[in-house]
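Dumped model.txt below, it's compact mmCIF, C-alpha atoms:
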```txt
# COMPACT_ATOMS: atom_id res chain seq x y z
CA MET A 1 -5.24 40.80 -14.23
CA ARG A 2 -5.78 38.76 -17.38
CA SER A 3 -2.65 36.66 -16.71
CA MET A 4 -3.87 35.88 -13.19
CA ARG A 5 -7.22 34.62 -14.52
CA LEU A 6 -5.44 32.55 -17.11
CA THR A 7 -3.15 31.07 -14.46
CA LEU A 8 -6.09 30.26 -12.18
CA CYS A 9 -8.05 28.60 -14.98
CA ALA A 10 -5.04 26.58 -16.14
CA GLY A 11 -4.28 25.39 -12.60
CA ALA A 12 -7.92 24.41 -12.01
CA ALA A 13 -8.10 22.56 -15.34
CA VAL A 14 -4.94 20.59 -14.62
CA ALA A 15 -6.10 19.67 -11.09
CA ALA A 16 -9.55 18.64 -12.37
CA ALA A 17 -8.06 16.57 -15.17
CA PHE A 18 -5.78 14.51 -12.94
CA THR A 19 -7.86 14.13 -9.78
CA PRO A 20 -10.18 11.35 -11.06
CA ALA A 21 -7.15 9.44 -12.37
CA ALA A 22 -5.60 9.42 -8.90
CA TYR A 23 -8.64 7.68 -7.44
CA ALA A 24 -8.90 5.23 -10.33
CA ALA A 25 -5.23 4.22 -9.95
CA ASP A 26 -5.79 3.17 -6.33
CA ALA A 27 -8.76 0.98 -7.19
CA GLY A 28 -6.71 -2.04 -8.32
CA PRO A 29 -8.05 -5.57 -8.00
CA ALA A 30 -8.79 -6.43 -4.38
CA GLY A 31 -7.55 -9.74 -3.01
CA VAL A 32 -4.71 -11.55 -1.28
CA SER A 33 -1.80 -13.13 -3.12
CA VAL A 34 0.51 -15.71 -1.56
CA ASN A 35 4.18 -16.31 -2.39
CA PRO A 36 4.98 -19.17 -2.94
CA VAL A 37 1.61 -19.86 -4.56
CA SER A 38 1.21 -23.39 -3.12
CA PRO A 39 3.33 -23.51 0.04
CA ALA A 40 4.09 -26.74 1.85
CA ALA A 41 2.99 -27.18 5.44
CA GLY A 42 5.52 -25.59 7.80
CA SER A 43 6.94 -23.15 5.24
CA ASP A 44 7.26 -19.37 5.45
CA ILE A 45 5.10 -17.31 3.10
CA ARG A 46 4.75 -13.68 2.02
CA LEU A 47 1.29 -12.17 1.71
CA ARG A 48 0.29 -9.16 -0.41
CA ALA A 49 -3.17 -7.66 0.13
CA MET A 50 -4.54 -5.33 -2.54
CA GLY A 51 -7.62 -3.22 -1.90
CA CYS A 52 -6.95 -1.86 1.60
CA ALA A 53 -7.18 1.89 1.99
CA GLY A 54 -5.14 1.88 5.23
CA ARG A 55 -1.40 1.52 5.80
CA THR A 56 -1.61 -1.52 8.08
CA GLY A 57 -3.70 -4.65 8.37
CA THR A 58 -3.89 -8.12 9.87
CA ALA A 59 -4.22 -11.34 7.84
CA ALA A 60 -5.85 -14.29 9.58
CA SER A 61 -6.35 -17.90 8.49
CA ASP A 62 -6.72 -21.33 10.06
CA ALA A 63 -3.65 -22.27 7.98
CA PHE A 64 -1.34 -19.76 9.75
CA VAL A 65 0.68 -20.36 12.90
CA SER A 66 -0.21 -16.79 13.92
CA ASP A 67 -1.90 -13.80 12.32
CA ALA A 68 0.31 -11.85 9.92
CA ARG A 69 0.86 -8.15 10.48
CA LEU A 70 0.75 -6.33 7.14
CA THR A 71 2.30 -2.94 6.44
CA GLY A 72 2.79 -0.73 3.45
CA GLY A 73 0.03 1.05 1.67
CA GLY A 74 -0.38 2.90 -1.57
CA GLY A 75 -0.26 1.22 -4.97
CA GLY A 76 1.83 -1.73 -3.78
CA GLY A 77 -0.72 -2.98 -1.26
CA LEU A 78 0.01 -4.30 2.20
CA VAL A 79 2.81 -6.83 2.65
CA GLY A 80 3.68 -9.20 5.49
CA ASP A 81 5.12 -12.61 6.33
CA THR A 82 3.84 -15.58 8.30
CA ARG A 83 4.28 -19.35 8.52
CA VAL A 84 1.95 -22.16 7.46
CA ARG A 85 1.09 -24.64 10.25
CA THR A 86 3.22 -27.78 10.22
CA ALA A 87 0.39 -30.24 10.92
CA LEU A 88 -1.85 -28.95 8.15
CA ARG A 89 -3.82 -31.18 5.79
CA PRO A 90 -3.68 -30.48 2.05
CA GLY A 91 -6.49 -28.31 0.75
CA ASP A 92 -7.75 -24.75 0.39
CA TYR A 93 -7.83 -22.37 3.36
CA GLY A 94 -9.46 -18.95 3.41
CA ILE A 95 -7.46 -15.81 4.24
CA GLN A 96 -9.16 -12.73 5.61
CA VAL A 97 -7.43 -9.34 5.92
CA ASP A 98 -8.80 -6.66 8.24
CA CYS A 99 -7.66 -3.25 7.06
CA ASP A 100 -6.90 -1.16 10.15
CA GLY A 101 -8.94 1.97 10.51
CA HIS A 102 -11.46 0.97 7.83
CA HIS A 103 -14.56 -1.20 7.65
CA GLU A 104 -13.34 -3.20 4.69
CA ARG A 105 -12.13 -6.75 4.45
CA VAL A 106 -10.06 -8.35 1.73
CA LYS A 107 -10.23 -12.10 1.16
CA GLY A 108 -8.08 -14.70 -0.53
CA THR A 109 -7.27 -18.42 -0.58
CA LEU A 110 -4.20 -20.44 0.39
CA THR A 111 -3.77 -23.86 -1.26
CA VAL A 112 -1.63 -26.42 0.55
CA PRO A 113 -0.56 -29.26 -1.79
CA ALA A 114 -0.31 -32.94 -0.83
CA ARG A 115 2.93 -33.79 0.95
CA ASP A 116 5.79 -35.30 -0.95
CA SER A 117 6.66 -38.77 0.38
CA SER A 118 10.38 -38.35 -0.31
CA PRO A 119 12.61 -37.57 2.69
CA SER A 120 13.44 -33.92 3.13
CA VAL A 121 16.07 -31.98 4.99
CA ALA A 122 14.76 -30.36 8.16
CA THR A 123 14.90 -26.58 8.18
CA PRO A 124 15.97 -24.77 11.30
CA ALA A 125 13.20 -23.07 13.24
CA SER A 126 12.82 -19.33 12.92
CA PRO A 127 10.83 -16.95 15.08
CA VAL A 128 7.14 -16.87 14.29
CA ALA A 129 6.54 -13.32 15.47
CA PRO A 130 9.96 -11.66 15.67
CA VAL A 131 10.41 -8.50 17.69
CA ASN A 132 10.48 -5.23 15.74
CA ALA A 133 14.02 -4.47 16.76
CA GLY A 134 17.04 -2.77 15.28
CA GLY A 135 17.33 0.81 14.22
CA GLY A 136 14.73 1.95 16.72
CA GLY A 137 12.00 -0.37 15.43
CA THR A 138 12.56 0.10 11.70
CA ALA A 139 12.11 -3.61 10.96
CA ARG A 140 8.50 -2.94 9.91
CA LEU A 141 9.66 -0.34 7.40
CA ALA A 142 12.32 -2.67 6.00
CA ALA A 143 9.69 -5.38 5.47
CA ALA A 144 7.61 -2.97 3.38
CA ASP A 145 10.43 -2.11 0.98
CA ASP A 146 8.48 -3.62 -1.95
CA ALA A 147 5.68 -1.13 -1.42
CA HIS A 148 7.99 1.83 -1.95
CA ALA A 149 10.03 0.42 -4.85
CA ALA A 150 7.76 1.90 -7.52
CA GLY A 151 8.49 5.51 -6.56
CA PRO A 152 6.05 8.40 -6.63
CA GLY A 153 2.57 7.72 -7.91
CA ILE A 154 -0.25 9.69 -9.42
CA ARG A 155 -1.25 11.27 -6.11
CA GLN A 156 2.20 12.81 -5.73
CA ALA A 157 2.05 14.09 -9.32
CA VAL A 158 -1.33 15.73 -8.69
CA VAL A 159 -0.09 17.34 -5.48
CA GLY A 160 3.00 18.63 -7.33
CA LEU A 161 0.85 20.11 -10.10
CA VAL A 162 -1.45 21.80 -7.57
CA LEU A 163 1.54 23.26 -5.70
CA ALA A 164 3.07 24.49 -8.96
CA SER A 165 -0.25 26.15 -9.84
CA VAL A 166 -0.40 27.87 -6.45
CA ALA A 167 3.17 29.12 -6.92
CA ALA A 168 2.31 30.47 -10.40
CA ILE A 169 -0.71 32.27 -8.96
CA ALA A 170 1.41 33.79 -6.20
CA VAL A 171 3.95 35.06 -8.75
CA ALA A 172 1.19 36.53 -10.93
CA VAL A 173 -0.48 38.28 -7.96
CA ARG A 174 2.83 39.68 -6.75
CA GLY A 175 3.66 40.99 -10.24
CA THR A 176 0.22 42.61 -10.50
CA ARG A 177 0.62 44.30 -7.11
CA ARG A 178 4.06 45.62 -8.00
CA GLY A 179 2.69 47.06 -11.25
CA ASN A 180 -0.14 48.81 -9.37
CA ASP A 181 2.20 50.24 -6.71
CA GLY A 182 4.31 52.01 -9.34
CA ARG A 183 1.29 53.75 -10.93
CA ASP A 184 0.09 55.56 -7.82
```
Mind converting the file's structure to structure tokens?
Amino acid sequence: MRSMRLTLCAGAAVAAAFTPAAYAADAGPAGVSVNPVSPAAGSDIRLRAMGCAGRTGTAASDAFVSDARLTGGGGGGLVGDTRVRTALRPGDYGIQVDCDGHHERVKGTLTVPARDSSPSVATPASPVAPVNAGGGGTARLAAADDAHAAGPGIRQAVVGLVLASVAAIAVAVRGTRRGNDGRD
């Protein structure tokens, strides 16, 4: 009986110690980052939104050809691609991300630099909103590969510790019951 109490107390202490850390790890700086940082008009960009609690979102801006669908979630934030309008004047443009399923919004800024007057090579057109095709619609998952590159996070560690505690309790209870059955 004493070992079961000890196991319960140890499991509760470990779960209590790591639970606040799991919530603090998710609270990273909210905002939208753009790659490349100062894209030219007509170029493709990658957006990363930090601070969304959901797994999907939509980024909108007057600078975009169309709204960007963002996927991912967890510690890596939401990630998605879009294109900057071709006929866009240099300047700063606001970006607003609606996090699906939540009442939160994340904001950022896109800076378009002045155009270079030197002649450039025309780039071939690419689809603005390509179809999620191939592999049964796994294109969305392939786009979010950066979000999963870090591996398991603190939440997974806490869940593992809680499950290990439950297993230790089950073993202790079973051993106690077996000991009592032999005494009768």
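Residues in contact range of Gly31 in chain A, defined as at most 10 Å between all atoms listed in the file, with sequence neighbours fewer than 2 positions away removed, read A:Gly28, A:Pro29, A:Ser33, A:Arg48, A:Ala49, A:Met50, A:Gly51, A:Cys52, A:Gly77, A:Ile95, A:Gln96, A:Val97, A:Arg105, A:Val106, A:Lys107, A:Gly108, A:Thr109.
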Task: Separation of CA of Ala114 in chain A from CA of Pro39 in chain A, in Å and rounded to one decimal - done: 10.1 Å
Open item on the list: Considering only C-alpha atoms, can you say which of A:Thr86, A:Thr71, A:Ser61, A:Ser66 comes closest to Ala40 in chain A?
Closed with: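 Closest to Ala40 in chain A, using only C-alpha atoms: A:Thr86.
A straight line drawn from CA of Leu70 in chain A to CA of Arg155 in chain A is 22.1 Å long.
Relative to CA of Gly91 in chain A, CA of Thr111 in chain A is found at 5.6 Å.
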Open item on the list: Between A:Gly94, A:Gly80, A:Gly72, A:Pro113, which residue has the minimum interatomic distance to Arg46 in chain A, considering all atoms listed in the file?
Closed with: A:Gly80
Task: Nearest candidate to Thr56 in chain A (options A:Arg177, A:Asp100, A:Leu163, A:Val79; using all atoms listed in the file) - done: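 With all atoms listed in the file as the atom set, the closest residue is A:Asp100.
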